[in-house]
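Report on the following structure.
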Number of protein chains: 4
Amino acid sequence: MIRVGIVGITGFTGLELIKILLNHKEVEIEHICSRSETDKRLFEVYPQFLGVFDKVIEPIDVDRLQRVDVVFLALPHTVSAGLAKELYGKTRIIDLSADFRLKDSEVYKTWYKVGHPAPELLHKAVYGLVELNRDSIKDSILVANPGCYATSVILAVAPVAKYVNGTVISDSKSGVSGAGRGLKEGLQFCEVNENFKAYAINGHRHIPEIEQELKKINNDIQVEFIPHLLPVQRGILSTVYMKVAEELDFKRVYEEFYKSDYFVRVVNNPPSLNNVRGTNFCDLYVHFDGRTSTLIVISVIDNLIKGASGQAVQNMNVMFGIDEKEGLGGYSYYP
Amino acid sequence: MIRVGIVGITGFTGLELIKILLNHKEVEIEHICSRSETDKRLFEVYPQFLGVFDKVIEPIDVDRLQRVDVVFLALPHTVSAGLAKELYGKTRIIDLSADFRLKDSEVYKTWYKVGHPAPELLHKAVYGLVELNRDSIKDSILVANPGCYATSVILAVAPVAKYVNGTVISDSKSGVSGAGRGLKEGLQFCEVNENFKAYAINGHRHIPEIEQELKKINNDIQVEFIPHLLPVQRGILSTVYMKVAEELDFKRVYEEFYKSDYFVRVVNNPPSLNNVRGTNFCDLYVHFDGRTSTLIVISVIDNLIKGASGQAVQNMNVMFGIDEKEGLGGYSYYP
Amino acid sequence: MIRVGIVGITGFTGLELIKILLNHKEVEIEHICSRSETDKRLFEVYPQFLGVFDKVIEPIDVDRLQRVDVVFLALPHTVSAGLAKELYGKTRIIDLSADFRLKDSEVYKTWYKVGHPAPELLHKAVYGLVELNRDSIKDSILVANPGCYATSVILAVAPVAKYVNGTVISDSKSGVSGAGRGLKEGLQFCEVNENFKAYAINGHRHIPEIEQELKKINNDIQVEFIPHLLPVQRGILSTVYMKVAEELDFKRVYEEFYKSDYFVRVVNNPPSLNNVRGTNFCDLYVHFDGRTSTLIVISVIDNLIKGASGQAVQNMNVMFGIDEKEGLGGYSYYP
Amino acid sequence: MIRVGIVGITGFTGLELIKILLNHKEVEIEHICSRSETDKRLFEVYPQFLGVFDKVIEPIDVDRLQRVDVVFLALPHTVSAGLAKELYGKTRIIDLSADFRLKDSEVYKTWYKVGHPAPELLHKAVYGLVELNRDSIKDSILVANPGCYATSVILAVAPVAKYVNGTVISDSKSGVSGAGRGLKEGLQFCEVNENFKAYAINGHRHIPEIEQELKKINNDIQVEFIPHLLPVQRGILSTVYMKVAEELDFKRVYEEFYKSDYFVRVVNNPPSLNNVRGTNFCDLYVHFDGRTSTLIVISVIDNLIKGASGQAVQNMNVMFGIDEKEGLGGYSYYP
């Protein structure tokens, strides 16, 4: 059994991690830790766990945490890197924050408006997008779990990145849980429901992350990314528009690229969030519009699973050499 | 392994059964049958199953079905009884329709406006509310799976049924999936969303079912039941108002009554649908208002799970003597 | 032209007042005042007013306010009474807070946990439910605008209040805007959407208000009132259950009672929120269930209009002797 | 008073027309006609009109219709053109169907899969986008009311159409009412709610309409248009991406272009559907991303008002020389 610690369990990604790991056959959850709500039982915060899971929420204790096999960090950025620094080398770390995604601490500072607390670890971390980096993840002891939008866009573009000319345009739409569980005026029911809007038009923090990964394939790639807030709880749909140098059988290019990837499915019809809500799948639909010579790829994921906690468990499975699918067998929440 | 056949898989209860049984360790799904969409693979109807489950939808074939260990019928009423008649005695049957819930064929005719197709089986069927009838279910070969509203109301009233005076009032509210997957004007998005209403005010078909079961405890009980349509997909919340003969520690009465029932939880705070969406739990909250001498019990379930397919699998587990919880370990869909 | 001041325009009832009064032919909005956001133009807070209404939000100034013909107070309780005290006798006041609804300052203290700031004004205020108190409102200079739930329940019960035996049970469900615009964890999208729950089970502040008004008709009446939070923005539906002393043609009783009331409609089918969202109507449906001898009345209103700002304008129209419907000609938001 | 006939009142655009025209000071609704539900009163179909408007739904009668001053056709395509043919020259016509939007009957046939029933009228019709064609509409007797998506995209692109290079990409998202009131599986609550998807990826019928109008400004313009279905009732948001030949003060270009247009507002913050739901406004937000040299314009409208019935009334106001705003003074439905 893999003994696991989870730090930051009052937010949505922490909650989702617990739900996934409770169904994982080779895991034992040793510690659930938080900066608040400590000494309560988890079901006092989340009543769904009554009678199911009676662990007590512990304060964060580095001594204890370093004795488990792997620690998941579901903490705000900078807090996460601070703790990772203390744990590094003593146990495996899967960090769900943004802290180890960007390789360049200057870029980090530009986008996150704060100096990086552990720049020396940046090039030790592996970017945990399993479909692109499976081999490096296997040998890694510090994995940077990708951002939710970044996952949806990178998986949509990677197979054709080398053919792309000009700017990739990703018009992305996310459910509200992507913004976390914190109290914000813009997330009140009457502000979101029956409404829809774009945000972060001056630049969203996932842009450098997307470009960093895609530039590894094609250094000329540039991404115009506009996120929108959907009045749903879960799910990201990205509609990606690309100009390509030549016309190929693009669907086949995608199928070939992902032929060994269980969690990426190239589908025959435009996918809806219902395809993937509650699952670790990323469904991709590929369409070439000959009239305008535009390649359109639509990508859907569940932002809390493939976009966060499911992907984190997928990373753990790869790191520990067990079945990549273990614990990730959920079915769509539809209806 | 228990070999299973499921008949009626294009509706929501059939779909939910498949999702539950795919995660059940002691079950093998042998046949999925339907009156429509036959010869397609399931993922052509429900794209979430692509790459996960590639069974072909078969036409209904009694010869094949009688060779499995248990058949789940997720069919419209009368159609279900017709098929049950042919299968009875040859395999175990769990019927999710209304056909075997009422013991009196005259009452059936009054409420369903049609003669019962197999009245001779009515008293062979056991009413499959595990918490009340566990022992009879163990020995049964034909189980009538309870209605969703009925489950929510009976579990809320049973522990105090013997103390109740006068009319029990159940004001119940259900998500839209309770109405099934059929095309109906009243279920179009623009009719349901941002809306709310009562329906079936002249009498809902679950009334005789609720009264039949509660009268076994207290023959004087009478139920005023008004259902309402909530703009959500899943979940039933019933607010039940009762006058009681004496004041007791009612919370304790409930805890005592359900002390051996994993899936019924007596909770400390008014439960929301979020407590149980995606699970087989029924959460009950008990409050006595001394000012008006009214006992108020609030009950929440997921109409498709504890109110339908989860309960059906719970029944199967009891019938086959395996762990009642097997396959039913899902966590709340929240968020 | 009636010159109007509105105090408290950053909340939902203030916003709704402005929208109604801008369409009122005999009104000029002289001052819009607030404790926050002052010196901004209204459209900086609510972008819908850009190019439509360019008034500046003023601080609250008693000198200015006493020079208009009527002041609407859309303030929190106690703040409202404090300002009313200063304005009383100098201009007409329509108070949308709870401060002048209860006649007994002890009852106020019990439910609002604070001493009343202006108890001497309590019996000067008229309870502004036009359908019951039209004549007193005509002559009033201080009107207490009723609570939203209270409006929905009192209108549902008043016509038969004298026939009622035992406890009136009102199972009420409200949209989220009823909770106001303040930032609250329970009102975040992910907490409300796809969810449903009861609240204030130990006693909601509208109970004494409802009983106070109904006891004027039948002093023995007692109300069991349980509110629930609906995942919609606007609307209240109350399902009211009553035992009555004799069986009458109840529909006719209601039609007769409200025959001169334009804004109350006795309808032939169970009403949905769609009947009234965006309007000042209260639709009532009356059903007697002979089986259980229970009279069921379903009432629907828009909580922000008939339940707050529309009713306030209706009160103003009555006070100034103009057409009761003026400014209140909106149509249902459906679809 | 302008005497008006409305044909096709059981759908959403017909319903919306009635609501707008009932508040229009210079209009009298003479006839409401339909192919179904005839001889009922309107409130039997839409209970919101009880006590408000008691007109009877008439069958379609050309003799009667030609005696009013203007007829609004809210009918399916081809049915509309058939009736327009009979009425042409006898009364003014505002057609809300797609029948007179495209000037070329071959293009019509390609996209609508049917021959045009009245090709001789195509060049008599004026495309009723007031902001671009106000003068021609003044003198017109047959106005083709623009499509909802087309309105949102054309208004977003027109001011810079002459500067655009390459393909204009419009990623558009619409609420469900845009699909009409007909019964469709894809519009059932459980299919739309908590879901999101793209559709008509192989080509949506509004593409030729958008290109036809924009090519009048820049013949080289080409549009890639992907519509998506939002889980809300009303509203369209289009995010438009353009490459431009030179960098200008684009916001000022838009302000200048629409300086005489009350219903187009160039806003300072990314607009949400809440800005315009329930109104005839189109709000535009203009952002130039220097990093990728992309001009991004976000446009929001209410699909049933500025995208259909409000625009139709705006057209009527222009045709009859009255205040363009008359009848269109609604405020946002928010909250």
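Ligands are numbered from 1 in the order shown, residues from 1 within each chain, and chains are lettered A, B, ... in the order they appear in the structure tokens.
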At a cut-off of 8 Å, can you tabulate as a Markdown table every residue of chain B near chain C together with its closest atom pair and the distance in Å to one decimal, using only C-alpha atoms and ordering rows by chain then number?
```
| residue | atom | partner | partner_atom | distance |
| --- | --- | --- | --- | --- |
| B:Thr167 | CA | C:Thr292 | CA | 6.8 |
| B:Asp171 | CA | C:Asp171 | CA | 7.1 |
| B:Cys190 | CA | C:Pro335 | CA | 5.9 |
| B:Glu191 | CA | C:Pro335 | CA | 7.6 |
| B:Asn193 | CA | C:Val232 | CA | 7.7 |
| B:Glu194 | CA | C:Val232 | CA | 4.8 |
| B:Asn195 | CA | C:Leu273 | CA | 5.3 |
| B:Phe196 | CA | C:Ser272 | CA | 5.6 |
| B:Lys197 | CA | C:Ser272 | CA | 4.5 |
| B:Ala198 | CA | C:Pro270 | CA | 6.4 |
| B:Tyr199 | CA | C:Pro270 | CA | 6.9 |
| B:Ile201 | CA | C:His287 | CA | 7.9 |
| B:Asn202 | CA | C:Asp289 | CA | 7.7 |
| B:Gln222 | CA | C:Thr292 | CA | 7.1 |
| B:Val223 | CA | C:Thr292 | CA | 7.5 |
| B:Glu224 | CA | C:Thr292 | CA | 6.6 |
| B:Leu230 | CA | C:Leu230 | CA | 7.8 |
| B:Pro231 | CA | C:Pro231 | CA | 7.0 |
| B:Val232 | CA | C:Glu194 | CA | 4.8 |
| B:Gln233 | CA | C:Glu194 | CA | 6.8 |
| B:Arg234 | CA | C:Glu194 | CA | 7.6 |
| B:Leu237 | CA | C:Lys197 | CA | 7.5 |
| B:Thr239 | CA | C:Asp171 | CA | 7.9 |
| B:Pro270 | CA | C:Ala198 | CA | 6.4 |
| B:Pro271 | CA | C:Lys197 | CA | 6.5 |
| B:Ser272 | CA | C:Lys197 | CA | 4.5 |
| B:Leu273 | CA | C:Asn195 | CA | 5.3 |
| B:Asn274 | CA | C:Asn195 | CA | 5.9 |
| B:His287 | CA | C:Ile201 | CA | 7.9 |
| B:Asp289 | CA | C:Asn202 | CA | 7.7 |
| B:Thr292 | CA | C:Glu224 | CA | 6.6 |
| B:Thr294 | CA | C:Glu224 | CA | 7.9 |
| B:Tyr334 | CA | C:Cys190 | CA | 7.9 |
| B:Pro335 | CA | C:Cys190 | CA | 5.9 |
```
Residues as selected, N, CA and C atoms, written as a tab-separated table (two decimals), in the first residue's frame, can you do that?
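In the end it all went to result25.tsv:
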```
chain	number	residue	atom	x	y	z
B	167	THR	N	-53.14	13.29	9.63
B	167	THR	CA	-52.55	13.17	8.31
B	167	THR	C	-51.06	13.50	8.32
B	171	ASP	N	-44.30	17.25	1.78
B	171	ASP	CA	-44.05	18.20	0.71
B	171	ASP	C	-42.71	17.80	0.09
B	190	CYS	N	-36.05	25.44	-21.11
B	190	CYS	CA	-36.66	26.75	-20.84
B	190	CYS	C	-37.92	26.66	-19.99
B	191	GLU	N	-38.47	25.47	-19.83
B	191	GLU	CA	-39.65	25.29	-18.97
B	191	GLU	C	-39.26	25.01	-17.52
B	193	ASN	N	-35.80	25.37	-16.05
B	193	ASN	CA	-34.75	26.22	-15.51
B	193	ASN	C	-35.35	27.53	-14.97
B	194	GLU	N	-34.83	28.00	-13.84
B	194	GLU	CA	-35.32	29.23	-13.20
B	194	GLU	C	-36.79	29.12	-12.84
B	195	ASN	N	-37.32	27.94	-12.80
B	195	ASN	CA	-38.74	27.74	-12.54
B	195	ASN	C	-38.92	26.75	-11.40
B	196	PHE	N	-40.13	26.60	-10.95
B	196	PHE	CA	-40.44	25.66	-9.87
B	196	PHE	C	-41.95	25.55	-9.82
B	197	LYS	N	-42.45	24.35	-9.63
B	197	LYS	CA	-43.90	24.20	-9.52
B	197	LYS	C	-44.28	22.88	-8.87
B	198	ALA	N	-45.49	22.83	-8.38
B	198	ALA	CA	-46.06	21.58	-7.90
B	198	ALA	C	-46.73	20.88	-9.07
B	199	TYR	N	-46.88	19.57	-8.97
B	199	TYR	CA	-47.61	18.85	-10.02
B	199	TYR	C	-48.33	17.66	-9.39
B	201	ILE	N	-51.21	17.26	-8.35
B	201	ILE	CA	-51.88	17.67	-7.11
B	201	ILE	C	-53.15	16.86	-6.87
B	202	ASN	N	-53.70	16.33	-7.95
B	202	ASN	CA	-54.89	15.50	-7.77
B	202	ASN	C	-54.56	14.08	-7.35
B	222	GLN	N	-52.47	8.19	7.13
B	222	GLN	CA	-52.94	8.73	5.87
B	222	GLN	C	-51.91	9.77	5.42
B	223	VAL	N	-51.67	9.83	4.12
B	223	VAL	CA	-50.59	10.70	3.65
B	223	VAL	C	-51.10	11.71	2.65
B	224	GLU	N	-50.83	12.96	2.92
B	224	GLU	CA	-51.05	14.03	1.93
B	224	GLU	C	-49.69	14.29	1.30
B	230	LEU	N	-38.03	20.37	-9.14
B	230	LEU	CA	-36.88	21.24	-8.88
B	230	LEU	C	-36.02	21.41	-10.13
B	231	PRO	N	-35.47	22.60	-10.35
B	231	PRO	CA	-34.57	22.78	-11.48
B	231	PRO	C	-33.15	22.27	-11.20
B	232	VAL	N	-33.06	21.00	-10.87
B	232	VAL	CA	-31.78	20.31	-10.70
B	232	VAL	C	-31.94	18.94	-11.35
B	233	GLN	N	-30.84	18.27	-11.57
B	233	GLN	CA	-30.93	16.99	-12.26
B	233	GLN	C	-31.27	15.83	-11.33
B	234	ARG	N	-30.65	15.81	-10.19
B	234	ARG	CA	-30.78	14.68	-9.28
B	234	ARG	C	-31.16	15.13	-7.89
B	237	LEU	N	-35.80	15.91	-2.03
B	237	LEU	CA	-35.89	16.33	-0.63
B	237	LEU	C	-37.36	16.33	-0.24
B	239	THR	N	-39.94	17.20	2.86
B	239	THR	CA	-40.15	17.82	4.17
B	239	THR	C	-41.46	17.25	4.68
B	270	PRO	N	-29.75	20.31	8.98
B	270	PRO	CA	-30.67	20.08	7.86
B	270	PRO	C	-29.87	19.67	6.63
B	271	PRO	N	-30.15	18.53	6.07
B	271	PRO	CA	-29.34	18.05	4.95
B	271	PRO	C	-29.72	18.72	3.65
B	272	SER	N	-28.74	18.84	2.76
B	272	SER	CA	-29.01	19.35	1.43
B	272	SER	C	-28.83	18.20	0.44
B	273	LEU	N	-29.30	18.40	-0.77
B	273	LEU	CA	-29.10	17.37	-1.79
B	273	LEU	C	-27.62	17.03	-1.94
B	274	ASN	N	-26.76	18.02	-1.74
B	274	ASN	CA	-25.32	17.79	-1.85
B	274	ASN	C	-24.82	16.69	-0.91
B	287	HIS	N	-36.65	17.15	13.68
B	287	HIS	CA	-36.83	18.36	14.47
B	287	HIS	C	-38.25	18.41	15.03
B	289	ASP	N	-40.96	20.76	16.70
B	289	ASP	CA	-41.27	22.15	16.99
B	289	ASP	C	-42.31	22.20	18.11
B	292	THR	N	-45.62	24.46	17.86
B	292	THR	CA	-46.82	24.00	17.15
B	292	THR	C	-47.04	22.50	17.35
B	294	THR	N	-45.34	20.05	16.26
B	294	THR	CA	-45.20	19.38	14.97
B	294	THR	C	-43.83	18.73	14.89
B	334	TYR	N	-20.90	16.69	-5.27
B	334	TYR	CA	-20.48	18.05	-4.90
B	334	TYR	C	-18.97	18.18	-5.00
B	335	PRO	N	-18.37	19.19	-5.56
B	335	PRO	CA	-19.10	20.28	-6.21
B	335	PRO	C	-19.43	19.92	-7.66
```
**Q.** strand (DSSP E or B) residues, from DSSP on the backbone, in range 126-302 of chain A, as a PyMOL selection string
**A.** chain A and resi 126-127+142-144+164-174+188+197-198+222-229+236-244+264-266+272+282-289+294-301
Q: Rank nothing, just name the residue among A:Val70, A:Leu187, A:Val52, A:Leu22 nearest to Leu87 in chain A, using only C-alpha atoms.
A: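 Counting only C-alpha atoms, the residue closest to Leu87 in chain A is A:Val70.
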Q: Extract, using only C-alpha atoms, all DNA, RNA and protein residues at most 9 Å from Tyr88 in chain C, discarding same-chain residues fewer than 6 positions from it, and format them as a ChimeraX atom specification.
A: /C:66,121,141-142
Next, dump the selected residues to file, keeping only N, CA, C and O atoms, as a tab-separated table (two decimals), in the first residue's frame.
```tsv
chain	number	residue	atom	x	y	z
C	66	GLN	N	-35.72	65.02	3.24
C	66	GLN	CA	-37.02	65.46	3.74
C	66	GLN	C	-37.71	66.42	2.77
C	66	GLN	O	-38.89	66.72	2.93
C	121	LEU	N	-42.63	54.67	17.08
C	121	LEU	CA	-43.23	54.76	15.74
C	121	LEU	C	-43.99	53.49	15.35
C	121	LEU	O	-44.66	53.45	14.32
C	141	ILE	N	-48.47	57.83	6.59
C	141	ILE	CA	-47.23	58.51	6.20
C	141	ILE	C	-46.00	57.62	6.49
C	141	ILE	O	-44.87	57.99	6.21
C	142	LEU	N	-46.25	56.45	7.06
C	142	LEU	CA	-45.15	55.50	7.29
C	142	LEU	C	-45.69	54.09	7.02
C	142	LEU	O	-46.57	53.60	7.74
```
Q: Mind the document's chain letters and residue numbers, and return as a PyMOL selection string the residues of range 85-207 of chain B that DSSP labels helix (DSSP H, G or I).
A: chain B and resi 85-87+105-112+119-121+130-138+148-163+176-179+185-187+189-192+206-207
Saved selection, atoms kept: C-alpha atoms, as a PDB file, in the first residue's frame:
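Contents of the output file selection28.pdb:
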```pdb
ATOM      1  CA  LYS B  85     -44.172 -13.217 -16.144  1.00  0.00           C
ATOM      2  CA  GLU B  86     -42.037 -14.957 -18.727  1.00  0.00           C
ATOM      3  CA  LEU B  87     -38.928 -14.945 -16.577  1.00  0.00           C
ATOM      4  CA  SER B 105     -54.423  -5.298  -8.469  1.00  0.00           C
ATOM      5  CA  GLU B 106     -57.533  -3.140  -8.068  1.00  0.00           C
ATOM      6  CA  VAL B 107     -55.513  -0.348  -6.521  1.00  0.00           C
ATOM      7  CA  TYR B 108     -53.013  -0.767  -9.371  1.00  0.00           C
ATOM      8  CA  LYS B 109     -55.825  -0.388 -11.882  1.00  0.00           C
ATOM      9  CA  THR B 110     -57.169   2.720 -10.158  1.00  0.00           C
ATOM     10  CA  TRP B 111     -53.834   4.514 -10.210  1.00  0.00           C
ATOM     11  CA  TYR B 112     -52.266   3.194 -13.417  1.00  0.00           C
ATOM     12  CA  PRO B 119     -51.730 -10.219 -10.937  1.00  0.00           C
ATOM     13  CA  GLU B 120     -50.811 -13.757  -9.867  1.00  0.00           C
ATOM     14  CA  LEU B 121     -47.269 -12.575  -9.148  1.00  0.00           C
ATOM     15  CA  VAL B 130     -34.019  -3.053   2.383  1.00  0.00           C
ATOM     16  CA  GLU B 131     -34.171  -1.102   5.613  1.00  0.00           C
ATOM     17  CA  LEU B 132     -37.677  -2.393   6.323  1.00  0.00           C
ATOM     18  CA  ASN B 133     -37.724  -5.769   4.580  1.00  0.00           C
ATOM     19  CA  ARG B 134     -34.183  -7.092   4.597  1.00  0.00           C
ATOM     20  CA  ASP B 135     -35.106 -10.583   5.687  1.00  0.00           C
ATOM     21  CA  SER B 136     -37.831 -11.172   3.133  1.00  0.00           C
ATOM     22  CA  ILE B 137     -35.616  -9.831   0.380  1.00  0.00           C
ATOM     23  CA  LYS B 138     -32.947 -12.402   1.235  1.00  0.00           C
ATOM     24  CA  CYS B 148     -38.101   7.245  -5.590  1.00  0.00           C
ATOM     25  CA  TYR B 149     -40.553   9.504  -3.758  1.00  0.00           C
ATOM     26  CA  ALA B 150     -41.868   6.509  -1.819  1.00  0.00           C
ATOM     27  CA  THR B 151     -38.364   5.664  -0.613  1.00  0.00           C
ATOM     28  CA  SER B 152     -37.797   9.200   0.590  1.00  0.00           C
ATOM     29  CA  VAL B 153     -41.125   9.412   2.435  1.00  0.00           C
ATOM     30  CA  ILE B 154     -41.331   5.916   3.924  1.00  0.00           C
ATOM     31  CA  LEU B 155     -37.821   6.117   5.376  1.00  0.00           C
ATOM     32  CA  ALA B 156     -38.740   9.497   6.881  1.00  0.00           C
ATOM     33  CA  VAL B 157     -41.923   8.263   8.546  1.00  0.00           C
ATOM     34  CA  ALA B 158     -41.404   4.596   9.431  1.00  0.00           C
ATOM     35  CA  PRO B 159     -39.579   5.085  12.760  1.00  0.00           C
ATOM     36  CA  VAL B 160     -42.434   7.166  14.190  1.00  0.00           C
ATOM     37  CA  ALA B 161     -45.342   5.766  12.209  1.00  0.00           C
ATOM     38  CA  LYS B 162     -46.812   4.217  15.311  1.00  0.00           C
ATOM     39  CA  TYR B 163     -46.850   7.559  17.143  1.00  0.00           C
ATOM     40  CA  VAL B 176     -35.779  16.408 -13.291  1.00  0.00           C
ATOM     41  CA  SER B 177     -34.151  13.038 -13.919  1.00  0.00           C
ATOM     42  CA  GLY B 178     -36.968  11.525 -11.880  1.00  0.00           C
ATOM     43  CA  ALA B 179     -39.235  12.120 -14.838  1.00  0.00           C
ATOM     44  CA  GLU B 185     -42.620  19.610 -23.272  1.00  0.00           C
ATOM     45  CA  GLY B 186     -42.588  20.262 -19.559  1.00  0.00           C
ATOM     46  CA  LEU B 187     -39.010  18.985 -19.337  1.00  0.00           C
ATOM     47  CA  PHE B 189     -34.759  23.477 -20.462  1.00  0.00           C
ATOM     48  CA  CYS B 190     -36.655  26.754 -20.843  1.00  0.00           C
ATOM     49  CA  GLU B 191     -39.647  25.292 -18.972  1.00  0.00           C
ATOM     50  CA  VAL B 192     -37.731  23.930 -15.986  1.00  0.00           C
ATOM     51  CA  HIS B 206     -46.629   6.978  -5.198  1.00  0.00           C
ATOM     52  CA  ILE B 207     -49.369   7.755  -2.669  1.00  0.00           C
TER      53      ILE B 207
END
```
(Q) Would you pick out the contacts of range 309-326 of chain A at 8 Å or less, using only C-alpha atoms, so that residues sharing its chain but fewer than 2 positions from it are not included, and give the list as a ChimeraX atom specification? (A) /A:13-14,16-17,20-21,24-25,72,94,96,128-130,134,137-141,143,145,262,279-280,304-307,328-329
Okay, now the selection with N, CA and C atoms, as a CSV table (one decimal), in the first residue's frame?
```csv
chain,number,residue,atom,x,y,z
A,13,THR,N,-10.0,20.9,-4.8
A,13,THR,CA,-9.0,19.9,-5.3
A,13,THR,C,-8.7,18.9,-4.2
A,14,GLY,N,-8.5,19.4,-2.9
A,14,GLY,CA,-8.3,18.5,-1.8
A,14,GLY,C,-9.4,17.5,-1.6
A,16,GLU,N,-11.6,16.5,-3.8
A,16,GLU,CA,-11.7,15.6,-4.9
A,16,GLU,C,-10.6,14.5,-4.8
A,17,LEU,N,-9.4,14.9,-4.4
A,17,LEU,CA,-8.3,13.9,-4.1
A,17,LEU,C,-8.8,12.9,-3.1
A,20,ILE,N,-11.2,10.4,-4.7
A,20,ILE,CA,-10.5,9.5,-5.7
A,20,ILE,C,-9.7,8.5,-4.9
A,21,LEU,N,-8.9,8.9,-3.9
A,21,LEU,CA,-8.0,8.0,-3.2
A,21,LEU,C,-8.7,7.0,-2.3
A,24,HIS,N,-9.1,4.1,-4.3
A,24,HIS,CA,-7.9,3.6,-4.9
A,24,HIS,C,-7.4,2.3,-4.1
A,25,LYS,N,-7.3,1.2,-4.8
A,25,LYS,CA,-7.0,0.0,-4.1
A,25,LYS,C,-5.6,-0.1,-3.5
A,72,PHE,N,0.6,15.0,-1.5
A,72,PHE,CA,-0.1,15.8,-2.4
A,72,PHE,C,-0.3,17.2,-1.8
A,94,ILE,N,3.7,15.6,-5.1
A,94,ILE,CA,2.9,16.0,-6.3
A,94,ILE,C,2.2,17.3,-5.9
A,96,LEU,N,-0.1,20.4,-6.6
A,96,LEU,CA,-1.3,20.8,-7.5
A,96,LEU,C,-1.3,22.3,-7.6
A,128,GLY,N,3.8,17.5,-15.0
A,128,GLY,CA,3.1,16.3,-14.9
A,128,GLY,C,1.9,16.1,-15.8
A,129,LEU,N,2.2,16.3,-17.1
A,129,LEU,CA,1.1,16.0,-18.1
A,129,LEU,C,1.5,14.6,-18.6
A,130,VAL,N,0.9,13.6,-18.1
A,130,VAL,CA,1.4,12.2,-18.3
A,130,VAL,C,1.5,11.9,-19.8
A,134,ARG,N,5.4,11.0,-19.7
A,134,ARG,CA,5.2,9.8,-18.9
A,134,ARG,C,6.6,9.3,-18.4
A,137,ILE,N,8.2,11.4,-15.6
A,137,ILE,CA,7.4,11.4,-14.4
A,137,ILE,C,7.7,10.1,-13.6
A,138,LYS,N,8.0,9.0,-14.3
A,138,LYS,CA,8.3,7.8,-13.7
A,138,LYS,C,9.5,7.9,-12.7
A,139,ASP,N,10.4,8.7,-13.1
A,139,ASP,CA,11.7,8.8,-12.3
A,139,ASP,C,11.7,10.0,-11.4
A,140,SER,N,10.6,10.7,-11.4
A,140,SER,CA,10.5,12.0,-10.7
A,140,SER,C,10.2,11.9,-9.2
A,141,ILE,N,10.7,12.8,-8.4
A,141,ILE,CA,10.2,12.9,-7.0
A,141,ILE,C,9.5,14.2,-6.7
A,143,VAL,N,6.6,16.4,-8.8
A,143,VAL,CA,5.8,16.6,-10.0
A,143,VAL,C,5.0,17.9,-9.9
A,145,ASN,N,1.8,19.4,-11.0
A,145,ASN,CA,0.5,19.0,-11.7
A,145,ASN,C,0.0,20.2,-12.5
A,262,TYR,N,-4.8,6.0,-22.5
A,262,TYR,CA,-6.2,5.6,-22.2
A,262,TYR,C,-7.1,6.8,-21.9
A,279,THR,N,-15.0,12.3,-14.6
A,279,THR,CA,-14.1,11.3,-15.1
A,279,THR,C,-12.7,12.0,-15.3
A,280,ASN,N,-11.7,11.1,-15.6
A,280,ASN,CA,-10.4,11.6,-15.9
A,280,ASN,C,-10.1,11.7,-17.4
A,304,LEU,N,-11.8,19.5,-12.3
A,304,LEU,CA,-11.3,19.0,-11.0
A,304,LEU,C,-10.7,17.6,-11.1
A,305,ILE,N,-10.9,16.9,-12.2
A,305,ILE,CA,-10.3,15.6,-12.2
A,305,ILE,C,-9.1,15.6,-13.2
A,306,LYS,N,-9.4,15.4,-14.5
A,306,LYS,CA,-8.2,15.5,-15.4
A,306,LYS,C,-7.5,16.9,-15.3
A,307,GLY,N,-8.2,17.9,-14.9
A,307,GLY,CA,-7.6,19.2,-14.8
A,307,GLY,C,-7.0,19.5,-13.4
A,328,LEU,N,-9.2,5.7,-11.0
A,328,LEU,CA,-9.8,6.7,-11.9
A,328,LEU,C,-10.9,6.1,-12.7
A,329,GLY,N,-11.6,5.2,-12.2
A,329,GLY,CA,-12.6,4.5,-13.0
A,329,GLY,C,-14.0,5.1,-12.9
```
Q | Atomic separation - CA of Asn218 in chain B relative to CA of Gly290 in chain C, Å | A |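 Separating CA of Gly290 in chain C from CA of Asn218 in chain B is a distance of 21.0 Å.
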